[in-house]
$ cat my_file14.csv   # CSV, C-alpha atoms
chain,number,residue,atom,x,y,z
A,1,PRO,CA,131.0,71.4,-59.3
A,2,PRO,CA,134.5,72.1,-57.9
A,3,ARG,CA,135.3,75.4,-56.4
A,4,GLY,CA,137.2,77.6,-58.9
A,5,GLU,CA,138.9,80.9,-59.4
A,6,ALA,CA,138.4,83.2,-62.4
A,7,PRO,CA,139.8,86.6,-63.2
A,8,LEU,CA,136.3,88.1,-63.0
A,9,PRO,CA,135.0,89.6,-59.6
A,10,LEU,CA,132.3,86.9,-59.7
A,11,SER,CA,133.3,83.5,-60.9
A,12,PRO,CA,131.2,80.7,-62.4
A,13,SER,CA,131.4,77.6,-60.2
A,14,HIS,CA,132.6,75.3,-63.0
A,15,VAL,CA,135.9,77.2,-63.4
A,16,PRO,CA,138.9,75.6,-61.4
A,17,ARG,CA,139.8,77.7,-58.4
A,18,ARG,CA,142.9,77.8,-56.3
A,19,ARG,CA,142.2,76.9,-52.7
A,20,HIS,CA,143.8,79.6,-50.6
A,21,PHE,CA,142.7,77.9,-47.4
A,22,ALA,CA,144.4,74.6,-48.3
A,23,ALA,CA,147.5,76.4,-49.7
A,24,GLY,CA,148.1,78.0,-46.3
A,25,ALA,CA,146.5,81.4,-46.4
A,26,VAL,CA,145.1,80.9,-43.0
A,27,THR,CA,148.4,79.9,-41.5
A,28,SER,CA,150.5,82.5,-43.3
A,29,PRO,CA,152.3,85.2,-41.2
A,30,ARG,CA,150.1,87.9,-42.7
A,31,THR,CA,146.9,86.1,-41.5
A,32,HIS,CA,148.5,85.5,-38.1
A,33,ARG,CA,149.1,89.2,-37.8
A,34,ALA,CA,145.4,89.8,-38.7
A,35,ALA,CA,144.3,87.3,-36.0
A,36,MET,CA,146.6,89.0,-33.5
A,37,SER,CA,145.2,92.4,-34.4
A,38,ALA,CA,141.6,91.1,-34.0
A,39,GLY,CA,142.5,89.5,-30.7
A,40,GLY,CA,144.1,92.7,-29.5
A,41,LEU,CA,141.0,94.7,-30.4
A,42,ILE,CA,138.7,92.2,-28.6
A,43,GLY,CA,140.9,92.3,-25.5
A,44,ALA,CA,140.9,96.1,-25.5
A,45,ALA,CA,137.2,96.2,-26.0
A,46,ALA,CA,136.6,93.9,-23.0
A,47,ALA,CA,138.9,95.9,-20.8
A,48,LYS,CA,137.4,99.2,-21.6
A,49,SER,CA,133.7,98.3,-21.7
A,50,ALA,CA,133.3,97.7,-17.9
A,51,GLY,CA,131.5,100.5,-16.3
A,52,ARG,CA,131.0,102.5,-19.5
A,53,GLY,CA,127.7,103.8,-20.8
A,54,PRO,CA,125.8,102.7,-23.9
A,55,GLN,CA,127.5,105.4,-26.0
A,56,ASN,CA,131.0,104.0,-25.2
A,57,GLN,CA,129.7,100.4,-25.8
A,58,VAL,CA,128.5,101.4,-29.3
A,59,ALA,CA,131.8,103.2,-30.0
A,60,ILE,CA,133.8,100.1,-28.9
A,61,ALA,CA,131.7,97.8,-31.1
A,62,TYR,CA,132.2,100.1,-34.1
A,63,ALA,CA,135.9,100.3,-33.5
A,64,LEU,CA,136.2,96.5,-33.0
A,65,PHE,CA,134.4,95.7,-36.3
A,66,LEU,CA,136.1,98.5,-38.3
A,67,GLY,CA,139.5,97.2,-37.1
A,68,LEU,CA,138.5,93.6,-37.9
A,69,ALA,CA,137.2,94.6,-41.3
A,70,GLY,CA,140.4,96.5,-42.0
A,71,ALA,CA,142.6,93.5,-41.0
A,72,ILE,CA,140.6,91.1,-43.2
A,73,PHE,CA,140.7,93.5,-46.2
A,74,HIS,CA,144.5,94.0,-45.8
A,75,PHE,CA,145.8,90.7,-44.6
A,76,VAL,CA,143.4,88.2,-46.0
A,77,ALA,CA,142.0,89.8,-49.2
A,78,ASP,CA,145.2,91.7,-50.1
A,79,GLY,CA,143.2,94.8,-50.8
A,80,GLU,CA,141.2,93.2,-53.7
A,81,PHE,CA,138.1,95.2,-54.6
A,82,SER,CA,135.9,92.0,-54.5
A,83,ALA,CA,136.4,92.0,-50.7
A,84,ILE,CA,133.9,94.8,-50.5
A,85,VAL,CA,131.1,92.2,-50.5
A,86,THR,CA,132.8,90.5,-47.6
A,87,MET,CA,132.8,93.9,-45.8
A,88,ALA,CA,129.1,94.0,-46.5
A,89,VAL,CA,128.4,90.7,-44.6
A,90,LEU,CA,130.7,91.9,-41.8
A,91,PHE,CA,128.5,95.0,-41.3
A,92,GLN,CA,125.4,92.8,-41.3
A,93,CYS,CA,127.0,90.8,-38.5
A,94,LEU,CA,127.7,94.0,-36.6
A,95,ALA,CA,124.1,95.0,-37.0
A,96,MET,CA,122.9,91.8,-35.4
A,97,LEU,CA,125.5,92.1,-32.6
A,98,LEU,CA,124.2,95.6,-31.8
A,99,LEU,CA,120.6,94.4,-31.7
A,100,LEU,CA,121.6,91.6,-29.3
A,101,LEU,CA,123.5,94.1,-27.1
A,102,GLN,CA,120.2,96.1,-27.0
A,103,ALA,CA,118.3,93.2,-25.7
A,104,LEU,CA,120.9,92.1,-23.2
A,105,SER,CA,121.9,95.5,-21.8
A,106,SER,CA,118.3,96.8,-21.5
A,107,GLY,CA,116.7,93.6,-20.3
A,108,SER,CA,113.9,94.2,-22.8
A,109,VAL,CA,113.2,93.2,-26.3
A,110,ALA,CA,110.5,96.0,-26.9
A,111,GLY,CA,110.9,97.4,-30.3
A,112,ILE,CA,112.5,94.2,-31.8
A,113,SER,CA,110.4,92.3,-34.4
A,114,ALA,CA,110.6,88.5,-34.2
A,115,ARG,CA,109.1,88.4,-37.7
A,116,ALA,CA,111.9,90.5,-39.1
A,117,LEU,CA,114.4,88.2,-37.4
A,118,ALA,CA,112.7,85.1,-38.9
A,119,LEU,CA,113.0,86.6,-42.4
A,120,GLU,CA,116.7,87.5,-41.8
A,121,ALA,CA,117.4,83.9,-40.7
A,122,LEU,CA,115.6,82.5,-43.8
A,123,ALA,CA,117.6,84.9,-46.0
A,124,LEU,CA,120.9,83.8,-44.4
A,125,CYS,CA,120.1,80.1,-44.8
A,126,CYS,CA,119.2,80.6,-48.5
A,127,ARG,CA,122.5,82.4,-49.1
A,128,LEU,CA,124.5,79.8,-47.2
A,129,SER,CA,122.9,77.0,-49.1
A,130,SER,CA,124.8,78.4,-52.1
A,131,THR,CA,128.0,79.9,-50.7
A,132,MET,CA,128.9,76.9,-48.5
A,133,TRP,CA,129.8,74.8,-51.6
A,134,LEU,CA,129.4,76.8,-54.8
A,135,ASP,CA,131.5,79.8,-55.9
A,136,GLY,CA,129.1,81.7,-58.2
A,137,TYR,CA,128.3,84.5,-55.8
A,138,LEU,CA,131.5,84.6,-53.7
A,139,PRO,CA,134.3,87.2,-54.0
A,140,VAL,CA,137.3,85.8,-55.9
A,141,ASP,CA,139.8,87.0,-53.3
A,142,ALA,CA,140.9,84.8,-50.3
A,143,SER,CA,138.1,86.1,-48.1
A,144,GLY,CA,135.7,84.1,-50.3
A,145,ASP,CA,137.3,80.9,-49.2
A,146,TRP,CA,136.2,81.0,-45.6
A,147,VAL,CA,135.7,84.5,-44.1
A,148,PHE,CA,132.5,85.3,-46.0
A,149,GLN,CA,130.8,82.0,-45.1
A,150,ALA,CA,132.1,82.1,-41.4
A,151,THR,CA,130.7,85.6,-41.1
A,152,ASP,CA,127.3,84.6,-42.4
A,153,ILE,CA,127.3,81.6,-39.9
A,154,CYS,CA,128.1,84.0,-37.0
A,155,THR,CA,125.3,86.3,-38.1
A,156,LEU,CA,122.9,83.4,-38.2
A,157,LEU,CA,123.9,82.3,-34.7
A,158,LEU,CA,123.4,85.9,-33.5
A,159,VAL,CA,119.9,85.9,-35.1
A,160,GLY,CA,119.2,82.6,-33.3
A,161,ALA,CA,120.3,84.1,-30.0
A,162,LEU,CA,118.1,87.1,-30.6
A,163,MET,CA,115.1,85.0,-31.3
A,164,VAL,CA,115.6,83.0,-28.1
A,165,GLN,CA,115.7,86.4,-26.2
A,166,VAL,CA,112.6,87.6,-27.9
A,167,LEU,CA,110.5,84.4,-27.8
A,168,VAL,CA,111.7,82.8,-24.6
A,169,VAL,CA,113.9,84.6,-22.2
A,170,GLN,CA,112.3,88.1,-22.4
A,171,ARG,CA,109.0,87.2,-24.0
A,172,ALA,CA,107.2,89.3,-21.4
A,173,SER,CA,108.6,92.5,-23.0
A,174,TYR,CA,108.0,91.3,-26.6
A,175,GLU,CA,105.3,93.5,-28.3
A,176,GLU,CA,103.7,90.6,-30.0
A,177,GLU,CA,100.4,92.3,-30.7
A,178,LYS,CA,102.2,95.1,-32.5
A,179,ASP,CA,104.5,92.7,-34.4
A,180,SER,CA,101.7,91.7,-36.8
A,181,PHE,CA,103.0,92.3,-40.3
A,182,PRO,CA,102.1,89.2,-42.5
A,183,ILE,CA,105.3,87.7,-43.6
A,184,LEU,CA,104.0,84.6,-45.4
A,185,PRO,CA,103.2,86.5,-48.6
A,186,VAL,CA,106.7,88.1,-48.5
A,187,VAL,CA,108.3,84.6,-48.3
A,188,LEU,CA,106.1,83.1,-51.1
A,189,GLY,CA,106.5,86.1,-53.3
A,190,SER,CA,110.2,86.1,-52.9
A,191,PHE,CA,110.6,82.4,-53.8
A,192,VAL,CA,108.3,82.7,-56.8
A,193,LEU,CA,110.2,85.8,-58.2
A,194,ALA,CA,113.5,84.1,-57.5
A,195,ALA,CA,112.5,81.0,-59.5
A,196,VAL,CA,111.7,83.3,-62.4
A,197,LEU,CA,114.5,85.9,-62.2
A,198,HIS,CA,117.5,84.1,-60.8
A,199,ALA,CA,120.9,84.3,-62.4
A,200,ASP,CA,123.0,81.3,-63.4
A,201,LEU,CA,126.4,81.9,-61.8
A,202,ASN,CA,126.2,78.7,-59.9
A,203,SER,CA,125.2,76.7,-63.0
A,204,HIS,CA,122.6,75.0,-60.6
A,205,PRO,CA,119.1,76.5,-61.1
A,206,LEU,CA,117.9,75.4,-57.6
A,207,PHE,CA,120.8,77.0,-55.8
A,208,ASP,CA,120.8,80.1,-58.1
A,209,ALA,CA,117.1,80.5,-57.2
A,210,LEU,CA,117.8,80.0,-53.5
A,211,TRP,CA,120.5,82.7,-53.5
A,212,MET,CA,118.1,85.1,-55.3
A,213,ALA,CA,115.4,84.2,-52.8
A,214,GLY,CA,117.7,85.0,-50.0
A,215,LEU,CA,118.4,88.4,-51.5
A,216,PHE,CA,114.7,89.2,-51.9
A,217,VAL,CA,113.7,88.0,-48.4
A,218,GLY,CA,116.6,90.0,-46.8
A,219,VAL,CA,115.6,93.2,-48.6
A,220,LEU,CA,112.0,92.9,-47.4
A,221,ALA,CA,112.9,91.8,-43.8
A,222,VAL,CA,113.1,95.4,-42.8
A,223,ILE,CA,109.4,95.9,-43.4
A,224,PRO,CA,108.1,94.0,-40.2
A,225,GLN,CA,110.7,96.0,-38.1
A,226,PHE,CA,109.4,99.3,-39.4
A,227,TRP,CA,105.8,98.1,-39.0
A,228,LEU,CA,106.5,97.4,-35.3
A,229,VAL,CA,108.1,100.8,-34.9
A,230,SER,CA,105.1,102.5,-36.5
A,231,LYS,CA,102.8,100.7,-34.1
A,232,ALA,CA,104.9,101.8,-31.2
A,233,GLY,CA,104.8,105.5,-32.1
A,234,GLY,CA,107.9,105.9,-34.3
A,235,ARG,CA,110.5,105.7,-31.5
A,236,ILE,CA,113.5,103.6,-32.1
A,237,GLU,CA,116.0,102.8,-29.3
A,238,ALA,CA,119.6,103.7,-29.8
A,239,LEU,CA,121.1,100.2,-30.5
A,240,THR,CA,118.1,99.3,-32.6
A,241,SER,CA,118.7,102.4,-34.7
A,242,HIS,CA,122.3,101.4,-35.1
A,243,PHE,CA,121.2,97.9,-36.2
A,244,VAL,CA,119.1,99.4,-39.0
A,245,ALA,CA,121.8,101.8,-40.0
A,246,MET,CA,124.4,99.1,-40.3
A,247,MET,CA,122.0,97.0,-42.4
A,248,ALA,CA,121.8,100.0,-44.7
A,249,VAL,CA,125.6,100.2,-44.9
A,250,SER,CA,125.8,96.5,-45.6
A,251,ARG,CA,123.3,96.8,-48.4
A,252,LEU,CA,125.1,99.9,-49.8
A,253,LEU,CA,128.4,98.0,-50.0
A,254,SER,CA,126.8,95.0,-51.6
A,255,GLY,CA,125.0,97.2,-54.1
A,256,ILE,CA,128.3,98.9,-55.1
A,257,PHE,CA,129.9,95.5,-55.6
A,258,MET,CA,126.9,94.3,-57.7
A,259,TRP,CA,127.0,97.4,-59.8
A,260,HIS,CA,130.7,97.0,-60.4
A,261,VAL,CA,130.2,93.3,-61.6
A,262,ARG,CA,126.9,93.9,-63.4
A,263,GLU,CA,128.4,92.7,-66.7
A,264,ASP,CA,129.3,89.4,-65.1
A,265,LEU,CA,125.8,88.7,-63.8
A,266,THR,CA,124.4,86.4,-66.4
A,267,CYS,CA,121.2,84.4,-66.8
A,268,GLU,CA,119.2,82.5,-69.4
A,269,PRO,CA,117.0,85.3,-70.9
A,270,TRP,CA,113.3,84.8,-71.0
A,271,VAL,CA,112.8,87.6,-73.6
A,272,GLY,CA,115.3,88.0,-76.4
A,273,SER,CA,118.7,88.9,-75.0
A,274,PHE,CA,117.3,90.9,-72.0
A,275,ASN,CA,119.3,90.2,-68.9
A,276,HIS,CA,116.5,90.1,-66.2
A,277,ALA,CA,118.8,88.8,-63.4
A,278,VAL,CA,121.1,91.9,-63.3
A,279,TRP,CA,118.1,94.2,-63.1
A,280,ALA,CA,116.4,92.1,-60.4
A,281,ILE,CA,119.6,92.1,-58.3
A,282,LEU,CA,120.3,95.8,-58.7
A,283,GLY,CA,116.6,96.6,-58.3
A,284,ALA,CA,116.4,94.7,-55.0
A,285,HIS,CA,119.4,96.6,-53.6
A,286,PHE,CA,117.9,99.9,-54.7
A,287,LEU,CA,114.5,99.0,-53.1
A,288,HIS,CA,116.2,98.2,-49.8
A,289,LEU,CA,118.0,101.6,-49.8
A,290,VAL,CA,114.7,103.4,-50.6
A,291,LEU,CA,113.0,101.6,-47.7
A,292,LEU,CA,115.7,102.7,-45.4
A,293,GLY,CA,116.1,106.2,-46.9
A,294,ASP,CA,113.9,108.2,-44.4
A,295,PHE,CA,115.3,106.3,-41.5
A,296,VAL,CA,118.9,107.1,-42.5
A,297,TYR,CA,118.0,110.8,-42.5
A,298,TYR,CA,116.5,110.7,-39.0
A,299,TYR,CA,119.4,108.5,-37.8
A,300,ALA,CA,122.0,111.0,-39.0
A,301,LYS,CA,120.1,113.8,-37.4
A,302,SER,CA,119.9,111.9,-34.1
A,303,VAL,CA,123.6,111.1,-34.0
A,304,ALA,CA,124.5,114.7,-34.8
A,305,THR,CA,122.4,116.1,-32.0
A,306,SER,CA,122.4,113.4,-29.3
A,307,GLY,CA,125.4,111.2,-30.0
A,308,LEU,CA,125.6,107.5,-30.5
A,309,ALA,CA,123.3,106.8,-27.5
A,310,GLY,CA,120.4,108.9,-28.7
A,311,ARG,CA,117.0,107.5,-29.6
A,312,VAL,CA,115.7,108.1,-33.1
A,313,GLU,CA,112.2,109.6,-33.5
A,314,VAL,CA,110.7,108.8,-36.9
A,315,SER,CA,107.4,110.1,-38.2
A,316,THR,CA,105.0,107.1,-38.5
A,317,LEU,CA,103.9,108.6,-41.9
A,318,ASP,CA,107.4,108.0,-43.2
A,319,ILE,CA,107.6,104.3,-42.4
A,320,VAL,CA,104.2,102.8,-43.1

$ encode --input "my_file14.csv" --output "structure tokens"
Amino acid sequence: PPRGEAPLPLSPSHVPRRRHFAAGAVTSPRTHRAAMSAGGLIGAAAAKSAGRGPQNQVAIAYALFLGLAGAIFHFVADGEFSAIVTMAVLFQCLAMLLLLLQALSSGSVAGISARALALEALALCCRLSSTMWLDGYLPVDASGDWVFQATDICTLLLVGALMVQVLVVQRASYEEEKDSFPILPVVLGSFVLAAVLHADLNSHPLFDALWMAGLFVGVLAVIPQFWLVSKAGGRIEALTSHFVAMMAVSRLLSGIFMWHVREDLTCEPWVGSFNHAVWAILGAHFLHLVLLGDFVYYYAKSVATSGLAGRVEVSTLDIV
């Protein structure tokens, strides 16, 4: 179906949509200023990062992405509320960047779960299979024309780079024997539930189910990471802890958006008029935040006492 624009925060794919990209949103003066702002931030980050410690590197990464997110929200999305879901994928991208920085700066991938990364990659591929050509789950502002998808592609490339570090370049430091959580049942269960509980915003059952499967797999991808942490004694390195924290922020923003558009999340009911899709989507977001709840407490405590470069000590009883 053609890409379309609707007045609702989430638009069915069969409604005609104005193409901001083709109409010149990318080449407008406002977007040029956004690109210049992002370029200036990147240049400043590169100039200041030399010789600085991990805490400064984390602060620069945060400042860079916050500036980029602000530029996209203001110059590309024109401050539309629907851009909050684009901010969510930006924070997910930041999370993966911080984890890659952990591997490159420390020369070790200890504490990083390859199984969690595999689930994240699968979740991103499922989401992209829908958002690359269908509009059902995209924000209706201009960031849904290319920024959302480009960010997911960048995140997928970062995950790929991380997997190369873990499985090839720095395999000697990979804690393979501790990274033993069985992920096949997670994948199979997610796809089965998605086939039953998917919404119909794409008007394509297959791609609606793939989007839902990506949500379920992404939510459960944190479990292998926490499993590995528990086997390693509950200690999480600084940048790994920032990775988990930014994933929590990403899911929180996405959850706020989904709650706001809950009346637009439609499906073909299985029982009467009960909308199972909206509860499946909101329930998945809630579950993810519950899984991350204890960690967020310890993360906030660590940042308050040790700064951005502090390790997080989590009781193994809280994460297994």

$ atom_distance --input "my_file14.csv" --atom1 "atom CA of A:Leu117" --atom2 "atom CA of A:Val196"
25.6 Å

$ atom_distance --input "my_file14.csv" --atom1 "atom CA of A:Leu158" --atom2 "atom CA of A:Val296"
23.5 Å

$ closest_residue --input "my_file14.csv" --among "A:Phe216, A:Phe148, A:Trp227, A:Phe91" --to "A:Val187" --atoms "all atoms listed in the file"
A:Phe216

$ atom_distance --input "my_file14.csv" --atom1 "atom CA of A:Ala238" --atom2 "atom CA of A:Ala59"
12.2 Å

$ closest_residue --input "my_file14.csv" --among "A:Pro224, A:Gly144, A:Gly136, A:Gly67" --to "A:Glu80" --atoms "all atoms listed in the file"
A:Gly144

$ closest_residue --input "my_file14.csv" --among "A:Ala300, A:Ser106, A:Leu162, A:Asp200" --to "A:Asp264" --atoms "all atoms listed in the file"
A:Asp200

$ closest_residue --input "my_file14.csv" --among "A:Ile72, A:Leu66, A:Ala110, A:Ala209" --to "A:Val229" --atoms "all atoms listed in the file"
A:Ala110

$ closest_atom_pairs --input "my_file14.csv" --of "stretch 208-306 of chain A" --to "stretch 176-181 of chain A" --cutoff "12 Å" --atoms "only C-alpha atoms" --output "CSV"
residue,atom,partner,partner_atom,distance
A:Leu220,CA,A:Phe181,CA,11.5
A:Ala221,CA,A:Phe181,CA,10.5
A:Val222,CA,A:Phe181,CA,10.9
A:Ile223,CA,A:Phe181,CA,8.0
A:Pro224,CA,A:Phe181,CA,5.4
A:Gln225,CA,A:Asp179,CA,7.9
A:Phe226,CA,A:Phe181,CA,9.5
A:Trp227,CA,A:Phe181,CA,6.6
A:Leu228,CA,A:Asp179,CA,5.2
A:Val229,CA,A:Lys178,CA,8.5
A:Ser230,CA,A:Lys178,CA,8.9
A:Lys231,CA,A:Lys178,CA,5.9
A:Ala232,CA,A:Lys178,CA,7.3
A:Gly233,CA,A:Lys178,CA,10.7

$ residues_around --input "my_file14.csv" --residues "A:Gln165" --least-positions-apart "6" --cutoff "9 Å" --atoms "all atoms listed in the file" --output "mmCIF file with C-alpha atoms, in the coordinates of the input"
data_model
loop_
_atom_site.group_PDB
_atom_site.id
_atom_site.type_symbol
_atom_site.label_atom_id
_atom_site.label_comp_id
_atom_site.auth_asym_id
_atom_site.auth_seq_id
_atom_site.Cartn_x
_atom_site.Cartn_y
_atom_site.Cartn_z
ATOM 1 C CA LEU A 100 121.600 91.600 -29.300
ATOM 2 C CA ALA A 103 118.300 93.200 -25.700
ATOM 3 C CA LEU A 104 120.900 92.100 -23.200
ATOM 4 C CA SER A 108 113.900 94.200 -22.800
ATOM 5 C CA VAL A 109 113.200 93.200 -26.300
ATOM 6 C CA ARG A 171 109.000 87.200 -24.000
#

$ closest_residue --input "my_file14.csv" --among "A:Ile112, A:Ala83, A:Ala121, A:Val89" --to "A:Glu237" --atoms "all atoms listed in the file"
A:Ile112

$ build_atoms --input "my_file14.csv" --residues "stretch 215-232 of chain A" --atoms "N, CA, C and O atoms" --output "compact mmCIF listing (two decimals), in the frame of the given file"
# COMPACT_ATOMS: atom_id res chain seq x y z
N LEU A 215 118.27 87.01 -51.26
CA LEU A 215 118.40 88.40 -51.50
C LEU A 215 117.05 89.14 -51.32
O LEU A 215 116.92 90.14 -50.60
N PHE A 216 116.01 88.61 -51.96
CA PHE A 216 114.70 89.20 -51.90
C PHE A 216 114.14 89.24 -50.47
O PHE A 216 113.60 90.25 -50.00
N VAL A 217 114.25 88.11 -49.78
CA VAL A 217 113.70 88.00 -48.40
C VAL A 217 114.51 88.98 -47.49
O VAL A 217 113.92 89.67 -46.65
N GLY A 218 115.84 89.06 -47.66
CA GLY A 218 116.60 90.00 -46.80
C GLY A 218 116.28 91.41 -47.05
O GLY A 218 116.28 92.22 -46.10
N VAL A 219 115.97 91.78 -48.29
CA VAL A 219 115.60 93.20 -48.60
C VAL A 219 114.27 93.50 -47.89
O VAL A 219 114.12 94.58 -47.30
N LEU A 220 113.32 92.59 -47.93
CA LEU A 220 112.00 92.90 -47.40
C LEU A 220 111.89 92.62 -45.88
O LEU A 220 110.87 92.96 -45.26
N ALA A 221 112.95 92.07 -45.27
CA ALA A 221 112.90 91.80 -43.80
C ALA A 221 112.81 93.05 -43.00
O ALA A 221 112.40 92.98 -41.82
N VAL A 222 113.16 94.19 -43.54
CA VAL A 222 113.10 95.40 -42.80
C VAL A 222 111.65 95.91 -42.58
O VAL A 222 111.36 96.66 -41.65
N ILE A 223 110.74 95.44 -43.43
CA ILE A 223 109.40 95.90 -43.40
C ILE A 223 108.69 95.56 -42.03
O ILE A 223 108.06 96.42 -41.39
N PRO A 224 108.75 94.30 -41.55
CA PRO A 224 108.10 94.00 -40.20
C PRO A 224 108.74 94.84 -39.11
O PRO A 224 108.03 95.21 -38.16
N GLN A 225 110.05 95.15 -39.19
CA GLN A 225 110.70 96.00 -38.10
C GLN A 225 110.09 97.38 -38.14
O GLN A 225 109.74 97.92 -37.10
N PHE A 226 109.96 97.97 -39.31
CA PHE A 226 109.40 99.30 -39.40
C PHE A 226 107.89 99.29 -39.06
O PHE A 226 107.35 100.26 -38.54
N TRP A 227 107.22 98.21 -39.39
CA TRP A 227 105.80 98.10 -39.00
C TRP A 227 105.65 98.12 -37.51
O TRP A 227 104.78 98.82 -37.00
N LEU A 228 106.49 97.40 -36.80
CA LEU A 228 106.50 97.40 -35.30
C LEU A 228 106.77 98.78 -34.79
O LEU A 228 106.12 99.26 -33.85
N VAL A 229 107.78 99.43 -35.37
CA VAL A 229 108.10 100.80 -34.90
C VAL A 229 106.97 101.74 -35.10
O VAL A 229 106.68 102.56 -34.23
N SER A 230 106.28 101.63 -36.23
CA SER A 230 105.10 102.50 -36.50
C SER A 230 104.03 102.30 -35.47
O SER A 230 103.39 103.25 -35.01
N LYS A 231 103.81 101.03 -35.09
CA LYS A 231 102.80 100.70 -34.10
C LYS A 231 103.15 101.21 -32.72
O LYS A 231 102.28 101.44 -31.87
N ALA A 232 104.46 101.36 -32.49
CA ALA A 232 104.90 101.80 -31.20
C ALA A 232 105.13 103.32 -31.13
O ALA A 232 105.68 103.84 -30.16
